[in-house]
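Peer 1: File follows, start-v9.txt with compact mmCIF, C-alpha atoms:
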```txt
# COMPACT_ATOMS: atom_id res chain seq x y z
CA MET Y 1 -31.20 32.29 -46.01
CA LYS Y 2 -32.89 30.94 -49.09
CA ARG Y 3 -29.78 31.67 -51.10
CA LEU Y 4 -27.66 29.88 -48.57
CA ALA Y 5 -29.93 26.84 -48.76
CA ILE Y 6 -29.63 26.78 -52.52
CA LEU Y 7 -25.88 27.15 -52.25
CA LEU Y 8 -25.66 24.27 -49.75
CA LEU Y 9 -27.88 22.14 -51.90
CA ALA Y 10 -25.75 22.90 -54.93
CA LEU Y 11 -22.67 21.90 -53.00
CA ALA Y 12 -24.29 18.76 -51.62
CA LEU Y 13 -25.68 17.44 -54.92
CA PRO Y 14 -22.41 16.44 -56.54
CA GLY Y 15 -21.48 14.86 -53.21
CA LEU Y 16 -24.64 12.82 -53.19
CA ALA Y 17 -24.11 11.88 -56.79
CA ALA Y 18 -20.51 10.77 -56.38
CA ALA Y 19 -19.69 7.07 -56.47
CA THR Y 20 -17.61 5.49 -53.72
CA ASN Y 21 -13.88 5.74 -54.13
CA TYR Y 22 -12.05 2.52 -53.44
CA THR Y 23 -8.50 1.55 -52.70
CA VAL Y 24 -7.24 -1.60 -54.40
CA GLN Y 25 -5.84 -4.22 -52.04
CA SER Y 26 -2.98 -5.11 -54.32
CA ALA Y 27 -1.89 -8.25 -52.45
CA SER Y 28 -5.19 -9.99 -53.19
CA SER Y 29 -5.87 -8.44 -56.58
CA THR Y 30 -4.76 -9.68 -59.98
CA LEU Y 31 -4.67 -8.24 -63.45
CA GLY Y 32 -4.03 -10.81 -66.11
CA PHE Y 33 -4.72 -12.15 -69.53
CA SER Y 34 -4.75 -15.39 -71.44
CA ASN Y 35 -3.86 -16.29 -74.97
CA THR Y 36 -2.81 -19.34 -76.92
CA PHE Y 37 0.66 -20.33 -78.09
CA GLN Y 38 0.96 -23.31 -80.44
CA GLY Y 39 -2.54 -24.42 -79.57
CA GLU Y 40 -2.03 -24.26 -75.82
CA THR Y 41 -3.63 -21.67 -73.57
CA PHE Y 42 -1.31 -19.77 -71.25
CA GLN Y 43 -2.04 -17.31 -68.48
CA GLY Y 44 -0.21 -14.07 -67.94
CA ARG Y 45 -0.36 -11.45 -65.23
CA PHE Y 46 1.07 -8.03 -64.56
CA GLU Y 47 2.85 -7.56 -61.27
CA GLN Y 48 2.89 -3.77 -61.35
CA TRP Y 49 -0.25 -1.79 -61.94
CA THR Y 50 -2.38 0.76 -60.15
CA ALA Y 51 -6.09 1.38 -60.40
CA SER Y 52 -8.30 4.15 -59.21
CA ILE Y 53 -11.82 2.82 -58.87
CA SER Y 54 -14.96 4.85 -58.25
CA TYR Y 55 -18.07 2.78 -58.49
CA ASP Y 56 -21.68 2.85 -57.52
CA PRO Y 57 -23.98 0.25 -59.09
CA ALA Y 58 -26.86 2.65 -58.57
CA ASN Y 59 -25.03 5.53 -60.15
CA LEU Y 60 -23.08 4.25 -63.11
CA ALA Y 61 -22.82 7.73 -64.57
CA ALA Y 62 -20.56 8.78 -61.71
CA SER Y 63 -18.47 5.61 -61.81
CA LYS Y 64 -15.00 5.48 -63.26
CA PHE Y 65 -12.09 3.07 -63.63
CA ASP Y 66 -8.63 4.36 -64.35
CA VAL Y 67 -5.91 1.72 -64.59
CA THR Y 68 -2.22 2.13 -65.33
CA VAL Y 69 -0.11 -0.95 -66.06
CA GLN Y 70 3.65 -1.45 -66.36
CA PRO Y 71 3.79 -4.04 -69.17
CA ALA Y 72 7.42 -4.77 -68.27
CA SER Y 73 6.13 -6.55 -65.16
CA VAL Y 74 4.47 -9.31 -67.19
CA LYS Y 75 4.82 -12.90 -65.97
CA THR Y 76 3.54 -15.90 -67.95
CA GLY Y 77 5.27 -18.88 -66.36
CA ASP Y 78 7.78 -19.23 -69.19
CA SER Y 79 11.13 -17.49 -69.03
CA ASP Y 80 11.58 -17.31 -72.82
CA ARG Y 81 8.21 -15.67 -73.20
CA ASP Y 82 8.73 -13.34 -70.24
CA SER Y 83 11.97 -12.08 -71.69
CA ALA Y 84 10.43 -11.63 -75.15
CA LEU Y 85 7.23 -9.82 -74.18
CA PRO Y 86 8.78 -6.52 -73.01
CA GLY Y 87 10.76 -6.36 -76.25
CA GLN Y 88 10.23 -4.17 -79.25
CA ALA Y 89 8.07 -6.68 -81.14
CA PHE Y 90 5.61 -7.05 -78.27
CA PHE Y 91 4.99 -4.43 -75.57
CA ASP Y 92 8.02 -2.32 -76.53
CA VAL Y 93 8.36 -1.07 -72.98
CA ALA Y 94 11.45 0.98 -73.82
CA LYS Y 95 9.25 3.22 -75.94
CA PHE Y 96 5.90 2.67 -74.20
CA PRO Y 97 6.58 1.98 -70.52
CA GLN Y 98 2.90 2.26 -69.54
CA ALA Y 99 -0.41 0.93 -70.70
CA HIS Y 100 -3.53 2.81 -69.67
CA PHE Y 101 -7.23 2.05 -69.51
CA VAL Y 102 -9.83 4.62 -68.61
CA THR Y 103 -13.59 4.23 -68.77
CA THR Y 104 -15.63 6.56 -70.92
CA GLY Y 105 -18.98 5.30 -69.65
CA PHE Y 106 -20.97 2.43 -68.20
CA ARG Y 107 -24.08 0.82 -69.55
CA GLN Y 108 -26.50 -1.84 -68.49
CA ASN Y 109 -26.91 -4.79 -70.85
CA GLY Y 110 -29.66 -6.91 -69.29
CA ASN Y 111 -28.28 -7.82 -65.90
CA GLN Y 112 -24.73 -7.25 -67.02
CA VAL Y 113 -22.92 -3.97 -66.52
CA ILE Y 114 -20.53 -3.08 -69.31
CA ALA Y 115 -17.72 -0.62 -68.90
CA ASP Y 116 -16.78 1.11 -72.12
CA GLY Y 117 -13.37 2.63 -72.20
CA LYS Y 118 -10.20 3.35 -74.06
CA LEU Y 119 -7.13 1.21 -73.80
CA THR Y 120 -3.80 2.69 -74.73
CA LEU Y 121 -1.22 -0.01 -75.31
CA ARG Y 122 2.03 0.24 -77.23
CA GLY Y 123 1.07 3.78 -78.21
CA VAL Y 124 -2.23 2.73 -79.80
CA THR Y 125 -5.56 3.78 -78.30
CA ARG Y 126 -8.62 1.67 -79.02
CA PRO Y 127 -12.08 1.30 -77.51
CA VAL Y 128 -12.37 -1.70 -75.22
CA SER Y 129 -15.46 -2.91 -73.37
CA LEU Y 130 -15.33 -4.93 -70.18
CA GLN Y 131 -17.95 -6.94 -68.37
CA VAL Y 132 -18.21 -5.71 -64.80
CA ASN Y 133 -19.15 -7.89 -61.85
CA PHE Y 134 -19.23 -5.90 -58.66
CA THR Y 135 -20.00 -7.54 -55.32
CA PRO Y 136 -20.18 -5.37 -52.21
CA GLN Y 137 -18.51 -6.98 -49.20
CA GLY Y 138 -18.83 -5.12 -45.92
CA SER Y 139 -17.45 -1.64 -46.49
CA GLY Y 140 -15.47 -2.88 -49.49
CA ALA Y 141 -16.21 -4.96 -52.56
CA THR Y 142 -14.80 -7.36 -55.07
CA LEU Y 143 -14.68 -6.27 -58.67
CA ASP Y 144 -14.21 -8.74 -61.50
CA VAL Y 145 -13.85 -7.54 -65.04
CA ALA Y 146 -13.44 -9.50 -68.26
CA GLY Y 147 -13.01 -8.53 -71.87
CA SER Y 148 -10.92 -9.25 -74.90
CA VAL Y 149 -8.73 -7.44 -77.36
CA GLN Y 150 -7.17 -8.30 -80.69
CA ARG Y 151 -3.44 -8.12 -80.04
CA LEU Y 152 -2.65 -6.98 -83.59
CA ASP Y 153 -4.92 -3.94 -83.16
CA PHE Y 154 -2.21 -2.70 -80.81
CA GLY Y 155 0.73 -4.07 -82.77
CA VAL Y 156 1.56 -6.55 -80.01
CA GLY Y 157 3.58 -9.29 -81.66
CA SER Y 158 4.26 -7.45 -84.88
CA GLY Y 159 6.40 -8.50 -87.83
CA GLU Y 160 7.02 -12.23 -87.92
CA TYR Y 161 5.15 -12.65 -84.62
CA ALA Y 162 1.95 -11.53 -86.36
CA ASP Y 163 1.31 -15.19 -87.35
CA THR Y 164 -1.88 -15.90 -85.42
CA SER Y 165 -1.67 -19.63 -86.19
CA VAL Y 166 1.18 -19.68 -83.66
CA ILE Y 167 0.27 -16.86 -81.27
CA GLY Y 168 -3.49 -16.42 -80.85
CA ALA Y 169 -5.11 -13.26 -82.18
CA GLU Y 170 -7.56 -12.74 -79.34
CA VAL Y 171 -6.26 -11.96 -75.89
CA LYS Y 172 -8.70 -12.38 -73.02
CA ILE Y 173 -8.27 -9.87 -70.24
CA THR Y 174 -9.39 -10.57 -66.70
CA ALA Y 175 -8.95 -8.70 -63.47
CA HIS Y 176 -9.96 -9.51 -59.95
CA LEU Y 177 -9.82 -6.57 -57.58
CA GLN Y 178 -10.27 -6.59 -53.84
CA LEU Y 179 -11.54 -3.14 -52.93
CA ALA Y 180 -11.60 -1.26 -49.64
CA ALA Y 181 -13.61 1.92 -49.24
CA LYS Y 182 -11.43 5.00 -48.90
CA MET A 1 6.71 -56.81 -105.49
CA SER A 2 4.12 -57.75 -102.92
CA LEU A 3 2.93 -55.67 -100.01
CA ARG A 4 3.91 -58.38 -97.56
CA ASN A 5 7.30 -59.89 -96.96
CA ASN A 6 8.04 -63.19 -98.68
CA ASP A 7 10.73 -65.83 -98.43
CA ARG A 8 13.22 -63.88 -100.46
CA GLN A 9 12.65 -60.21 -99.83
CA TRP A 10 10.96 -57.54 -97.81
CA GLY A 11 7.51 -56.49 -99.00
CA SER A 12 6.74 -52.93 -100.03
CA ILE A 13 5.18 -52.08 -96.66
CA SER A 14 8.36 -53.06 -94.81
CA LYS A 15 10.45 -51.21 -97.38
CA PHE A 16 8.28 -48.14 -97.10
CA PHE A 17 8.63 -48.08 -93.32
CA HIS A 18 12.37 -48.69 -93.51
CA TRP A 19 13.20 -45.93 -95.97
CA ILE A 20 10.71 -43.28 -94.96
CA ILE A 21 11.84 -43.61 -91.34
CA ALA A 22 15.51 -43.58 -92.38
CA LEU A 23 15.00 -40.42 -94.42
CA ALA A 24 12.94 -38.72 -91.73
CA ILE A 25 15.46 -39.53 -88.98
CA LEU A 26 18.46 -38.33 -90.95
CA GLY A 27 16.66 -35.22 -92.14
CA ASN A 28 15.13 -34.37 -88.80
CA GLY A 29 18.33 -35.17 -86.91
CA THR A 30 20.33 -32.83 -89.12
CA PHE A 31 17.57 -30.25 -88.83
CA GLY A 32 17.68 -30.56 -85.05
CA LEU A 33 21.44 -30.01 -84.95
CA LEU A 34 21.10 -26.92 -87.14
CA MET A 35 18.36 -25.38 -84.98
CA ASP A 36 20.62 -22.59 -83.73
CA LEU A 37 21.01 -21.26 -87.27
CA ALA A 38 17.38 -20.09 -87.23
CA GLY A 39 18.52 -16.55 -86.52
CA SER A 40 15.29 -15.03 -85.30
CA PRO A 41 13.35 -16.33 -82.29
CA MET A 42 10.11 -16.76 -84.24
CA ARG A 43 11.84 -18.70 -86.98
CA LYS A 44 13.36 -20.92 -84.32
CA ILE A 45 9.90 -21.43 -82.80
CA ASN A 46 8.61 -22.49 -86.22
CA TRP A 47 11.62 -24.68 -86.96
CA LEU A 48 11.30 -26.37 -83.59
CA ALA A 49 7.58 -26.90 -84.18
CA LEU A 50 8.41 -28.58 -87.49
CA HIS A 51 11.18 -30.66 -85.91
CA LYS A 52 8.78 -31.82 -83.18
CA SER A 53 6.04 -32.61 -85.71
CA ILE A 54 8.39 -34.69 -87.85
CA GLY A 55 9.74 -36.42 -84.72
CA LEU A 56 6.24 -37.34 -83.59
CA THR A 57 5.55 -38.68 -87.06
CA VAL A 58 8.68 -40.86 -86.83
CA LEU A 59 7.50 -42.12 -83.46
CA ALA A 60 4.11 -43.07 -84.91
CA LEU A 61 5.74 -44.70 -87.94
CA ILE A 62 8.25 -46.74 -85.93
CA LEU A 63 5.49 -48.00 -83.65
CA LEU A 64 3.42 -48.98 -86.68
CA ARG A 65 6.50 -50.60 -88.16
CA ILE A 66 7.07 -52.66 -85.02
CA VAL A 67 3.43 -53.77 -85.09
CA TRP A 68 3.73 -54.68 -88.78
CA ARG A 69 6.98 -56.49 -88.10
CA ALA A 70 5.23 -58.52 -85.41
CA PHE A 71 2.44 -59.55 -87.77
CA ASP A 72 4.30 -60.03 -91.02
CA ARG A 73 6.86 -62.83 -91.17
CA ARG A 74 10.34 -61.58 -91.96
CA PRO A 75 12.37 -63.12 -94.78
CA PRO A 76 14.85 -65.72 -93.56
CA ASP A 77 18.44 -64.58 -93.16
CA GLU A 78 20.71 -64.66 -96.13
CA PRO A 79 23.41 -67.30 -95.67
CA MET A 80 26.08 -65.94 -93.38
CA PRO A 81 28.08 -67.05 -90.36
CA ARG A 82 25.99 -67.41 -87.25
CA TRP A 83 27.82 -64.64 -85.38
CA GLN A 84 27.01 -62.21 -88.18
CA ALA A 85 23.34 -63.10 -88.13
CA LEU A 86 23.24 -62.73 -84.35
CA ALA A 87 25.07 -59.39 -84.50
CA ALA A 88 22.72 -58.12 -87.19
CA HIS A 89 19.64 -59.13 -85.19
CA ALA A 90 21.02 -57.55 -82.03
CA MET A 91 21.77 -54.41 -84.02
CA HIS A 92 18.22 -54.31 -85.37
CA GLY A 93 16.81 -54.69 -81.86
CA VAL A 94 18.94 -51.83 -80.56
CA LEU A 95 18.01 -49.70 -83.59
CA TYR A 96 14.31 -50.14 -82.87
CA VAL A 97 14.81 -49.20 -79.22
CA VAL A 98 16.88 -46.11 -80.03
CA ILE A 99 14.53 -44.98 -82.81
CA VAL A 100 11.66 -45.10 -80.31
CA ALA A 101 13.77 -43.49 -77.58
CA ILE A 102 14.88 -40.43 -79.58
CA PRO A 103 11.43 -38.94 -80.21
CA LEU A 104 10.32 -39.97 -76.71
CA SER A 105 13.33 -38.19 -75.19
CA GLY A 106 12.48 -35.14 -77.30
CA TRP A 107 8.91 -35.28 -76.03
CA TRP A 108 10.24 -35.52 -72.49
CA PHE A 109 12.71 -32.66 -73.09
CA ASN A 110 9.85 -30.57 -74.45
CA SER A 111 7.80 -31.43 -71.36
CA VAL A 112 10.46 -30.35 -68.85
CA THR A 113 10.81 -27.04 -70.70
CA GLY A 114 7.04 -26.58 -70.32
CA LYS A 115 6.53 -25.87 -74.04
CA PRO A 116 3.42 -26.88 -75.97
CA LEU A 117 3.64 -29.90 -78.22
CA GLN A 118 1.64 -29.57 -81.39
CA TRP A 119 1.56 -31.83 -84.43
CA PHE A 120 1.72 -29.72 -87.61
CA LYS A 121 -0.63 -27.14 -86.00
CA GLN A 122 -3.38 -29.78 -85.98
CA PHE A 123 -3.62 -31.02 -82.40
CA ASN A 124 -1.72 -30.89 -79.14
CA LEU A 125 -0.21 -33.71 -77.16
CA PRO A 126 0.08 -33.86 -73.37
CA ALA A 127 3.32 -33.36 -71.49
CA LEU A 128 5.21 -36.47 -70.38
CA GLY A 129 6.19 -34.80 -67.13
CA GLU A 130 6.15 -31.64 -65.09
CA LYS A 131 8.03 -28.54 -66.18
CA ASN A 132 11.41 -28.75 -64.48
CA ASP A 133 14.12 -26.21 -65.28
CA ALA A 134 16.74 -28.26 -63.44
CA LEU A 135 16.29 -31.14 -65.92
CA ARG A 136 16.27 -28.98 -69.03
CA HIS A 137 19.96 -29.28 -69.84
CA PHE A 138 20.09 -32.98 -69.00
CA ALA A 139 17.03 -33.83 -71.08
CA HIS A 140 18.44 -31.95 -74.05
CA GLY A 141 21.68 -33.91 -73.67
CA VAL A 142 19.84 -37.23 -73.58
CA HIS A 143 17.93 -36.31 -76.73
CA GLU A 144 21.02 -35.18 -78.64
CA TYR A 145 23.41 -37.92 -77.53
CA LEU A 146 20.85 -40.58 -78.36
CA PHE A 147 20.93 -39.24 -81.88
CA TRP A 148 24.74 -39.44 -82.00
CA PHE A 149 24.48 -42.98 -80.65
CA LEU A 150 22.05 -43.75 -83.47
CA VAL A 151 24.52 -42.34 -85.98
CA LEU A 152 27.12 -44.81 -84.68
CA LEU A 153 24.64 -47.68 -84.93
CA LEU A 154 23.75 -46.51 -88.40
CA LEU A 155 27.38 -46.63 -89.53
CA ALA A 156 27.57 -50.26 -88.41
CA HIS A 157 24.16 -51.03 -89.98
CA VAL A 158 25.06 -49.43 -93.33
CA GLY A 159 28.58 -50.86 -93.17
CA GLY A 160 27.17 -54.35 -92.66
CA ALA A 161 24.72 -53.98 -95.52
CA LEU A 162 27.42 -52.71 -97.87
CA LYS A 163 29.80 -55.47 -96.80
CA HIS A 164 27.17 -58.06 -97.72
CA HIS A 165 26.40 -56.28 -100.97
CA VAL A 166 29.94 -55.69 -102.15
CA PHE A 167 31.97 -58.52 -100.66
CA ASP A 168 29.47 -61.32 -100.08
CA ASN A 169 27.45 -60.64 -103.23
CA ASP A 170 24.27 -61.60 -101.45
CA ASN A 171 20.81 -60.03 -101.34
CA VAL A 172 20.93 -58.50 -97.85
CA LEU A 173 20.86 -54.97 -99.23
CA ARG A 174 19.00 -55.68 -102.45
CA ARG A 175 16.02 -57.24 -100.76
CA MET A 176 15.44 -54.01 -98.80
CA LEU A 177 16.15 -51.58 -101.65
CA PRO A 178 13.09 -49.85 -103.11
CA PHE A 179 12.47 -51.46 -106.52
CA GLY A 180 15.61 -53.47 -105.85
CA ARG A 181 16.13 -56.52 -108.03
CA LEU A 182 17.47 -59.63 -106.42
CA ARG A 183 20.57 -61.25 -107.81
CA GLN A 184 19.48 -63.90 -110.29
CA ASN A 185 22.04 -66.46 -109.19
CA PRO A 186 22.33 -66.22 -105.47
CA PRO A 187 25.18 -68.06 -103.83
CA GLU A 188 24.65 -71.67 -102.96
CA GLY A 189 22.35 -72.25 -100.01
CA ASP A 190 20.46 -69.01 -100.32
CA ARG A 191 17.21 -70.80 -101.07
CA ARG A 192 15.43 -72.55 -98.26
```
Spit out the file's structure as structure tokens when you get a sec.

Peer 2:
Amino acid sequence: MKRLAILLLALALPGLAAATNYTVQSASSTLGFSNTFQGETFQGRFEQWTASISYDPANLAASKFDVTVQPASVKTGDSDRDSALPGQAFFDVAKFPQAHFVTTGFRQNGNQVIADGKLTLRGVTRPVSLQVNFTPQGSGATLDVAGSVQRLDFGVGSGEYADTSVIGAEVKITAHLQLAAK
Amino acid sequence: MSLRNNDRQWGSISKFFHWIIALAILGNGTFGLLMDLAGSPMRKINWLALHKSIGLTVLALILLRIVWRAFDRRPPDEPMPRWQALAAHAMHGVLYVVIVAIPLSGWWFNSVTGKPLQWFKQFNLPALGEKNDALRHFAHGVHEYLFWFLVLLLLAHVGGALKHHVFDNDNVLRRMLPFGRLRQNPPEGDRR
């Protein structure tokens, strides 16, 4: 009986420790970025991406974001740019059809939660940290993340496009996710 | 040579405006027509940025020139038949309008394509209208055909100046030439 209790407890503990798994409501969620071109800020977004989100503000150790993006689905409001971005010099989607971000850990920085993770883009993997703003709403939540990357770290806009006086070096990443509990 | 215009010739400020704008328009117009030779998209982006920057500079210069023209008295006409003087003045008026219209139409074309407008990577200028793909082709046509119209005007303008210089032996061209020397013995009636 005592053994059984220990066994049950052992089984229950990871369950208690697990963060909530959420489904992303894709219709009301956005994953985008902004950068500058010739001194003007432009906004971009990806139309195809999936995210698996497990999050518990009280148990950051058990939380995890895992996001897969199809860079070919980029839209920036400019047809020239949209046709150039999937190309070899930018996302090179023929060779690297997916970008991937997965968290390696969460930490508290004052009141701000930071998600540390690894972003793989255009075949290059680099550490990326995102600010996390999580707001529970009923059984679901909204999740806003923000961070930035240096595009040349990933070879995005290589060769003659590397000129950061024309295309900004720093790309701000933002995502707004509407989450429903699974 | 004085900065201001006098009774006999254009001052160096008027000459500067005239020739720098003439050079910039011819250079930038040719550059604009050759834009498709850029080869790579990024080079075309940079060429276009340069073309736009030069065009904006021309716009600023022609506006300054018009202001200067309004404040500085112009030299009286060289002696010539009245119809010639009227035609020359009409031509100058149309030239001013077209020289203002070309960069403005480029600015408008740039606006309907939704592209940024930056002056030599220093600062950005606002759009003159909403992005509108349906107007893109039309706006480009307006911009380009205005330039061809200017070329026609220019032929008449240069032709007139050369006619006065070569056949009438007057100072019409000389008084606008940089460092140009006026004819010592102008035809009778040139002095007022």

Peer 1: Of the residues A:Ile66, A:Leu34, A:Ile102, A:Ile25, which is the one nearest to A:Gly141, using all atoms listed in the file?

Peer 2: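 Ranking A:Ile66, A:Leu34, A:Ile102, A:Ile25 by distance to A:Gly141, first place goes to A:Ile102.
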
Peer 1: So, counting only C-alpha atoms, which residue among A:Arg4, A:Lys121, A:Arg73, A:His51 is closest to Y:Val166?

Peer 2: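 Smallest separation from Y:Val166 among the options: A:Lys121.
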
Peer 1: Which residue out of A:Ala134, A:Leu50, A:Ile99, A:Ala87 has the minimum interatomic distance to A:Gln122 when all atoms listed in the file are used?

Peer 2: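 Closest candidate: A:Leu50.
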
Peer 1: Between Y:Glu160, Y:Asp153, Y:Asp144, Y:Asp56, which is the closest to chain A once you count only C-alpha atoms?

Peer 2: Y:Glu160

Peer 1: Each residue of chain Y lying at most 7 Å from chain A should get a row with its shortest atom-to-atom pair and the distance in Å to one decimal, counting only C-alpha atoms; could you produce that, ordered by chain and increasing number, as a Markdown table?

Peer 2:
```
| residue | atom | partner | partner_atom | distance |
| --- | --- | --- | --- | --- |
| Y:Gln38 | CA | A:Pro116 | CA | 6.2 |
| Y:Gly39 | CA | A:Asn124 | CA | 6.5 |
| Y:Glu40 | CA | A:Pro116 | CA | 6.0 |
| Y:Glu160 | CA | A:Met42 | CA | 6.6 |
| Y:Tyr161 | CA | A:Met42 | CA | 6.5 |
```

Peer 1: Show me, as a list of chain:residue names, the residues that have an atom within 9 Å of Y:Ala162 when counting only C-alpha atoms, minus same-chain residues fewer than 6 positions from it.

Peer 2: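 Surrounding residues, per the criterion: Y:Arg151, Y:Leu152, Y:Gly155, Y:Val156, Y:Ala169.
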
Peer 1: If we count only C-alpha atoms, what is near stretch 92-97 of chain A at a cut-off of 8 Å, once residues fewer than 2 positions away on the same chain are taken out, given as an NGL selection string?

Peer 2: :A and (62 or 66 or 88-90 or 99-101 or 150 or 153)
